[in-house]
$ cat coords.pdb   # PDB, C-alpha atoms, pLDDT in the B column
MODEL        1
ATOM      1  CA  ASN F  17       6.962  -9.508   2.533  1.00 75.00           C
ATOM      2  CA  MET F  18       7.735 -10.602  -1.009  1.00 86.00           C
ATOM      3  CA  GLY F  19       5.246  -8.124  -2.462  1.00 87.00           C
ATOM      4  CA  LEU F  20       6.857  -5.161  -0.735  1.00 88.00           C
ATOM      5  CA  ILE F  21      10.277  -6.246  -2.020  1.00 89.00           C
ATOM      6  CA  LYS F  22       8.897  -6.489  -5.581  1.00 90.00           C
ATOM      7  CA  LEU F  23       7.423  -3.006  -5.210  1.00 88.00           C
ATOM      8  CA  TRP F  24      10.685  -1.606  -3.807  1.00 89.00           C
ATOM      9  CA  GLU F  25      12.608  -3.021  -6.783  1.00 89.00           C
ATOM     10  CA  ARG F  26      10.263  -1.354  -9.288  1.00 86.00           C
ATOM     11  CA  VAL F  27       9.978   2.077  -7.627  1.00 84.00           C
ATOM     12  CA  PRO F  28      13.284   3.479  -9.009  1.00 81.00           C
ATOM     13  CA  THR F  29      12.197   2.745 -12.598  1.00 77.00           C
ATOM     14  CA  SER F  30       8.880   4.577 -12.265  1.00 78.00           C
ATOM     15  CA  GLU F  31       8.457   8.002 -13.798  1.00 83.00           C
ATOM     16  CA  TYR F  32       5.762   9.000 -11.253  1.00 85.00           C
ATOM     17  CA  HIS F  33       7.983   9.771  -8.249  1.00 87.00           C
ATOM     18  CA  ILE F  34       6.666   6.936  -6.094  1.00 89.00           C
ATOM     19  CA  LYS F  35       7.622   7.026  -2.427  1.00 90.00           C
ATOM     20  CA  ILE F  36       6.965   4.155  -0.047  1.00 90.00           C
ATOM     21  CA  LEU F  37       6.101   6.048   3.127  1.00 90.00           C
ATOM     22  CA  HIS F  38       4.966   3.457   5.641  1.00 90.00           C
ATOM     23  CA  GLN F  39       4.211  -0.230   6.114  1.00 90.00           C
ATOM     24  CA  VAL F  40       2.232  -1.590   9.074  1.00 88.00           C
ATOM     25  CA  HIS F  41       0.950  -5.170   9.311  1.00 86.00           C
ATOM     26  CA  ASP F  42      -0.863  -5.716   6.015  1.00 83.00           C
ATOM     27  CA  SER F  43      -0.969  -2.072   4.847  1.00 87.00           C
ATOM     28  CA  ILE F  44       1.459  -0.153   2.661  1.00 89.00           C
ATOM     29  CA  LEU F  45       1.226   3.637   2.306  1.00 91.00           C
ATOM     30  CA  VAL F  46       2.690   5.146  -0.862  1.00 91.00           C
ATOM     31  CA  GLN F  47       2.753   8.606  -2.402  1.00 91.00           C
ATOM     32  CA  CYS F  48       3.030   9.584  -6.068  1.00 91.00           C
ATOM     33  CA  ASP F  49       2.489  12.464  -8.460  1.00 90.00           C
ATOM     34  CA  ASP F  50      -1.033  13.911  -8.262  1.00 90.00           C
ATOM     35  CA  VAL F  51      -2.180  13.195 -11.799  1.00 89.00           C
ATOM     36  CA  PRO F  52      -4.807  10.586 -12.721  1.00 86.00           C
ATOM     37  CA  HIS F  53      -2.521   8.481 -14.912  1.00 86.00           C
ATOM     38  CA  ALA F  54       0.153   8.361 -12.188  1.00 89.00           C
ATOM     39  CA  VAL F  55      -2.390   7.297  -9.571  1.00 90.00           C
ATOM     40  CA  SER F  56      -3.728   4.559 -11.866  1.00 89.00           C
ATOM     41  CA  HIS F  57      -0.204   3.372 -12.632  1.00 89.00           C
ATOM     42  CA  VAL F  58       0.790   3.206  -8.965  1.00 90.00           C
ATOM     43  CA  ALA F  59      -2.460   1.487  -7.953  1.00 91.00           C
ATOM     44  CA  TRP F  60      -1.976  -1.059 -10.744  1.00 91.00           C
ATOM     45  CA  LEU F  61       1.674  -1.546  -9.731  1.00 91.00           C
ATOM     46  CA  LEU F  62       0.711  -2.135  -6.090  1.00 91.00           C
ATOM     47  CA  ARG F  63      -1.847  -4.753  -7.054  1.00 90.00           C
ATOM     48  CA  GLU F  64       0.598  -6.372  -9.493  1.00 90.00           C
ATOM     49  CA  CYS F  65       3.405  -6.606  -6.912  1.00 91.00           C
ATOM     50  CA  LEU F  66       1.231  -7.738  -4.005  1.00 90.00           C
ATOM     51  CA  THR F  67      -0.788 -10.393  -5.844  1.00 91.00           C
ATOM     52  CA  ILE F  68       1.386 -13.443  -5.300  1.00 90.00           C
ATOM     53  CA  PRO F  69       0.134 -17.012  -5.753  1.00 92.00           C
ATOM     54  CA  LEU F  70       0.865 -19.147  -2.677  1.00 92.00           C
ATOM     55  CA  GLU F  71       0.976 -22.929  -2.553  1.00 95.00           C
ATOM     56  CA  ILE F  72       0.121 -24.751   0.646  1.00 94.00           C
ATOM     57  CA  ASN F  73      -0.389 -28.509   0.814  1.00 96.00           C
ATOM     58  CA  GLY F  74      -0.622 -28.734  -2.973  1.00 96.00           C
ATOM     59  CA  ARG F  75      -3.298 -26.047  -3.256  1.00 96.00           C
ATOM     60  CA  THR F  76      -2.629 -22.665  -4.846  1.00 96.00           C
ATOM     61  CA  PHE F  77      -4.424 -19.534  -3.735  1.00 93.00           C
ATOM     62  CA  VAL F  78      -4.021 -15.759  -3.847  1.00 92.00           C
ATOM     63  CA  ILE F  79      -4.685 -13.405  -0.943  1.00 88.00           C
ATOM     64  CA  PRO F  80      -7.001 -10.600  -2.170  1.00 88.00           C
ATOM     65  CA  VAL F  81      -5.446  -7.146  -2.505  1.00 89.00           C
ATOM     66  CA  ASP F  82      -7.494  -3.982  -1.965  1.00 90.00           C
ATOM     67  CA  VAL F  83      -6.067  -0.689  -3.168  1.00 92.00           C
ATOM     68  CA  LYS F  84      -7.493   2.557  -1.811  1.00 93.00           C
ATOM     69  CA  VAL F  85      -6.717   6.066  -3.048  1.00 93.00           C
ATOM     70  CA  GLY F  86      -7.152   9.432  -1.356  1.00 92.00           C
ATOM     71  CA  TYR F  87      -5.566  12.554   0.043  1.00 91.00           C
ATOM     72  CA  ASN F  88      -5.979  11.458   3.677  1.00 88.00           C
ATOM     73  CA  TRP F  89      -7.146   8.454   5.716  1.00 85.00           C
ATOM     74  CA  GLU F  90     -10.710   9.748   6.007  1.00 91.00           C
ATOM     75  CA  ASP F  91     -11.189  10.223   2.259  1.00 92.00           C
ATOM     76  CA  LEU F  92      -9.770   6.908   1.026  1.00 90.00           C
ATOM     77  CA  GLU F  93     -11.841   5.258  -1.693  1.00 92.00           C
ATOM     78  CA  LYS F  94     -11.445   1.795  -3.156  1.00 91.00           C
ATOM     79  CA  TRP F  95      -9.597   1.975  -6.463  1.00 88.00           C
ATOM     80  CA  LYS F  96     -11.316   0.294  -9.380  1.00 81.00           C
ATOM     81  CA  ASP F  97      -9.019  -0.964 -12.122  1.00 73.00           C
ATOM     82  CA  PRO F  98     -10.175   0.804 -15.288  1.00 66.00           C
ATOM     83  CA  ALA F  99     -10.051  -1.527 -18.277  1.00 50.00           C
ATOM     84  CA  CYS F 100      -8.648   1.250 -20.459  1.00 43.00           C
ATOM     85  CA  VAL F 101      -5.472   1.751 -18.400  1.00 48.00           C
ATOM     86  CA  GLN F 102      -2.467  -0.046 -19.805  1.00 50.00           C
ATOM     87  CA  VAL F 103       0.883   0.213 -18.110  1.00 49.00           C
ATOM     88  CA  ALA F 104       4.206  -0.898 -19.524  1.00 48.00           C
ATOM     89  CA  SER F 105       6.149  -3.010 -17.067  1.00 46.00           C
TER      90      SER F 105
ENDMDL
END
$ encode --input "coords.pdb" --output "structure tokens"
Amino acid sequence: NMGLIKLWERVPTSEYHIKILHQVHDSILVQCDDVPHAVSHVAWLLRECLTIPLEINGRTFVIPVDVKVGYNWEDLEKWKDPACVQVAS
């Protein structure tokens, strides 16, 4: 998974103590510091790393990426990219 490799390469440079905990099929579970800016940064980083244009038979497309945030599986909520969050890459 090219997206997971991109994420793995960027984790050591993050100041938010990101840990990649688990990957199954098309899901990646990560953990980070429990502060709003850290959560927004990690959610943005996940979307950035996993959104990869693919070309097949001369057509380019992108597989949609959903990011969910929560303290446990039951309480996961879809993360909405706030326009005011800017992250230095």
$ residues_around --input "coords.pdb" --residues "region 60-66 of chain F" --least-positions-apart "4" --cutoff "10 Å" --atoms "all atoms listed in the file" --output "number ranges by chain"
F: 17-27, 30, 44, 46, 54-56, 78-83, 95-98, 101-103, 105
$ residues_around --input "coords.pdb" --residues "Asp49 (chain F)" --least-positions-apart "4" --cutoff "10 Å" --atoms "only C-alpha atoms" --output "list in words"
Glu31, Tyr32, His33, Ile34, Lys35, His53, Ala54, Val55 and Val58 of chain F
$ atom_distance --input "coords.pdb" --atom1 "CA of Gln47 (chain F)" --atom2 "CA of Tyr87 (chain F)"
9.5 Å
$ residues_near_point --input "coords.pdb" --point "(-5.8, 5.3, -2.2)" --cutoff "8 Å" --atoms "all atoms listed in the file" --output "list in words"
Ala59, Val83, Lys84, Val85, Gly86, Tyr87, Leu92, Glu93, Lys94 and Trp95 of chain F
$ atom_distance --input "coords.pdb" --atom1 "CA of Thr76 (chain F)" --atom2 "CA of Leu45 (chain F)"
27.5 Å
$ atom_distance --input "coords.pdb" --atom1 "CA of Thr67 (chain F)" --atom2 "CA of Ile36 (chain F)"
17.5 Å
$ axis_aligned_box --input "coords.pdb" --around "region 31-42 of chain F" --padding-each-side "3 Å" --output "AutoDock Vina command-line options"
--center_x 3.8 --center_y 2.0 --center_z -2.2 --size_x 15.3 --size_y 21.5 --size_z 29.1
$ decode --input "coords.pdb" --residues "chain F" --atoms "C-alpha atoms" --output "PDB file, in the first residue's frame"
ATOM      1  CA  ASN F  17       0.000   0.000   0.000  1.00  0.00           C
ATOM      2  CA  MET F  18       1.718   3.135  -1.252  1.00  0.00           C
ATOM      3  CA  GLY F  19      -0.339   5.346   1.055  1.00  0.00           C
ATOM      4  CA  LEU F  20       0.690   3.434   4.162  1.00  0.00           C
ATOM      5  CA  ILE F  21       4.350   3.692   3.132  1.00  0.00           C
ATOM      6  CA  LYS F  22       3.983   7.470   2.652  1.00  0.00           C
ATOM      7  CA  LEU F  23       2.394   7.718   6.095  1.00  0.00           C
ATOM      8  CA  TRP F  24       5.130   5.582   7.683  1.00  0.00           C
ATOM      9  CA  GLU F  25       7.810   7.846   6.181  1.00  0.00           C
ATOM     10  CA  ARG F  26       6.190  10.983   7.629  1.00  0.00           C
ATOM     11  CA  VAL F  27       5.401   9.668  11.131  1.00  0.00           C
ATOM     12  CA  PRO F  28       8.928  10.200  12.575  1.00  0.00           C
ATOM     13  CA  THR F  29       8.860  13.898  11.613  1.00  0.00           C
ATOM     14  CA  SER F  30       5.538  14.574  13.341  1.00  0.00           C
ATOM     15  CA  GLU F  31       5.475  16.368  16.663  1.00  0.00           C
ATOM     16  CA  TYR F  32       2.175  14.701  17.698  1.00  0.00           C
ATOM     17  CA  HIS F  33       3.492  11.265  18.706  1.00  0.00           C
ATOM     18  CA  ILE F  34       1.702   9.372  15.943  1.00  0.00           C
ATOM     19  CA  LYS F  35       1.637   5.595  16.262  1.00  0.00           C
ATOM     20  CA  ILE F  36       0.422   3.308  13.498  1.00  0.00           C
ATOM     21  CA  LEU F  37      -1.301   0.600  15.525  1.00  0.00           C
ATOM     22  CA  HIS F  38      -3.016  -1.672  13.032  1.00  0.00           C
ATOM     23  CA  GLN F  39      -3.796  -2.148   9.351  1.00  0.00           C
ATOM     24  CA  VAL F  40      -6.470  -4.549   8.080  1.00  0.00           C
ATOM     25  CA  HIS F  41      -7.697  -4.652   4.474  1.00  0.00           C
ATOM     26  CA  ASP F  42      -8.546  -1.031   3.690  1.00  0.00           C
ATOM     27  CA  SER F  43      -8.408   0.342   7.261  1.00  0.00           C
ATOM     28  CA  ILE F  44      -5.522   1.912   9.147  1.00  0.00           C
ATOM     29  CA  LEU F  45      -5.726   2.545  12.902  1.00  0.00           C
ATOM     30  CA  VAL F  46      -3.496   5.293  14.292  1.00  0.00           C
ATOM     31  CA  GLN F  47      -3.092   6.967  17.666  1.00  0.00           C
ATOM     32  CA  CYS F  48      -1.860  10.478  18.458  1.00  0.00           C
ATOM     33  CA  ASP F  49      -1.796  13.097  21.186  1.00  0.00           C
ATOM     34  CA  ASP F  50      -5.270  13.934  22.516  1.00  0.00           C
ATOM     35  CA  VAL F  51      -5.411  17.599  21.573  1.00  0.00           C
ATOM     36  CA  PRO F  52      -7.641  19.029  18.827  1.00  0.00           C
ATOM     37  CA  HIS F  53      -4.809  20.399  16.692  1.00  0.00           C
ATOM     38  CA  ALA F  54      -2.962  17.058  16.811  1.00  0.00           C
ATOM     39  CA  VAL F  55      -6.093  15.155  15.798  1.00  0.00           C
ATOM     40  CA  SER F  56      -6.710  17.554  12.896  1.00  0.00           C
ATOM     41  CA  HIS F  57      -3.087  17.279  11.796  1.00  0.00           C
ATOM     42  CA  VAL F  58      -3.111  13.476  11.860  1.00  0.00           C
ATOM     43  CA  ALA F  59      -6.478  13.266  10.082  1.00  0.00           C
ATOM     44  CA  TRP F  60      -5.212  15.667   7.411  1.00  0.00           C
ATOM     45  CA  LEU F  61      -1.959  13.690   7.108  1.00  0.00           C
ATOM     46  CA  LEU F  62      -3.852  10.409   6.680  1.00  0.00           C
ATOM     47  CA  ARG F  63      -6.005  11.860   3.924  1.00  0.00           C
ATOM     48  CA  GLU F  64      -2.962  13.456   2.266  1.00  0.00           C
ATOM     49  CA  CYS F  65      -0.947  10.209   2.270  1.00  0.00           C
ATOM     50  CA  LEU F  66      -3.799   7.926   1.216  1.00  0.00           C
ATOM     51  CA  THR F  67      -5.196  10.072  -1.602  1.00  0.00           C
ATOM     52  CA  ILE F  68      -3.187   8.784  -4.540  1.00  0.00           C
ATOM     53  CA  PRO F  69      -4.199   9.339  -8.170  1.00  0.00           C
ATOM     54  CA  LEU F  70      -4.279   6.055 -10.112  1.00  0.00           C
ATOM     55  CA  GLU F  71      -4.130   5.677 -13.875  1.00  0.00           C
ATOM     56  CA  ILE F  72      -5.775   2.719 -15.555  1.00  0.00           C
ATOM     57  CA  ASN F  73      -6.236   2.466 -19.315  1.00  0.00           C
ATOM     58  CA  GLY F  74      -5.439   6.157 -19.748  1.00  0.00           C
ATOM     59  CA  ARG F  75      -7.995   7.306 -17.176  1.00  0.00           C
ATOM     60  CA  THR F  76      -6.991   8.861 -13.862  1.00  0.00           C
ATOM     61  CA  PHE F  77      -9.080   8.462 -10.742  1.00  0.00           C
ATOM     62  CA  VAL F  78      -8.738   8.690  -6.967  1.00  0.00           C
ATOM     63  CA  ILE F  79     -10.205   6.216  -4.487  1.00  0.00           C
ATOM     64  CA  PRO F  80     -12.162   8.185  -1.835  1.00  0.00           C
ATOM     65  CA  VAL F  81     -10.644   8.300   1.649  1.00  0.00           C
ATOM     66  CA  ASP F  82     -12.825   8.520   4.762  1.00  0.00           C
ATOM     67  CA  VAL F  83     -11.194   9.495   8.036  1.00  0.00           C
ATOM     68  CA  LYS F  84     -12.997   8.766  11.297  1.00  0.00           C
ATOM     69  CA  VAL F  85     -11.987   9.961  14.761  1.00  0.00           C
ATOM     70  CA  GLY F  86     -12.928   8.654  18.194  1.00  0.00           C
ATOM     71  CA  TYR F  87     -11.839   7.075  21.439  1.00  0.00           C
ATOM     72  CA  ASN F  88     -13.191   3.623  20.524  1.00  0.00           C
ATOM     73  CA  TRP F  89     -14.802   1.791  17.592  1.00  0.00           C
ATOM     74  CA  GLU F  90     -18.338   2.541  18.772  1.00  0.00           C
ATOM     75  CA  ASP F  91     -17.803   6.303  19.031  1.00  0.00           C
ATOM     76  CA  LEU F  92     -16.039   6.909  15.708  1.00  0.00           C
ATOM     77  CA  GLU F  93     -17.270   9.977  13.844  1.00  0.00           C
ATOM     78  CA  LYS F  94     -16.425  11.069  10.324  1.00  0.00           C
ATOM     79  CA  TRP F  95     -13.762  13.768  10.395  1.00  0.00           C
ATOM     80  CA  LYS F  96     -14.600  16.930   8.501  1.00  0.00           C
ATOM     81  CA  ASP F  97     -11.627  18.879   7.183  1.00  0.00           C
ATOM     82  CA  PRO F  98     -11.925  22.338   8.739  1.00  0.00           C
ATOM     83  CA  ALA F  99     -10.957  25.040   6.259  1.00  0.00           C
ATOM     84  CA  CYS F 100      -9.075  26.932   8.964  1.00  0.00           C
ATOM     85  CA  VAL F 101      -6.579  24.134   9.686  1.00  0.00           C
ATOM     86  CA  GLN F 102      -3.272  24.575   7.925  1.00  0.00           C
ATOM     87  CA  VAL F 103      -0.506  22.066   8.392  1.00  0.00           C
ATOM     88  CA  ALA F 104       3.097  22.472   7.327  1.00  0.00           C
ATOM     89  CA  SER F 105       4.350  19.462   5.419  1.00  0.00           C
TER      90      SER F 105
END
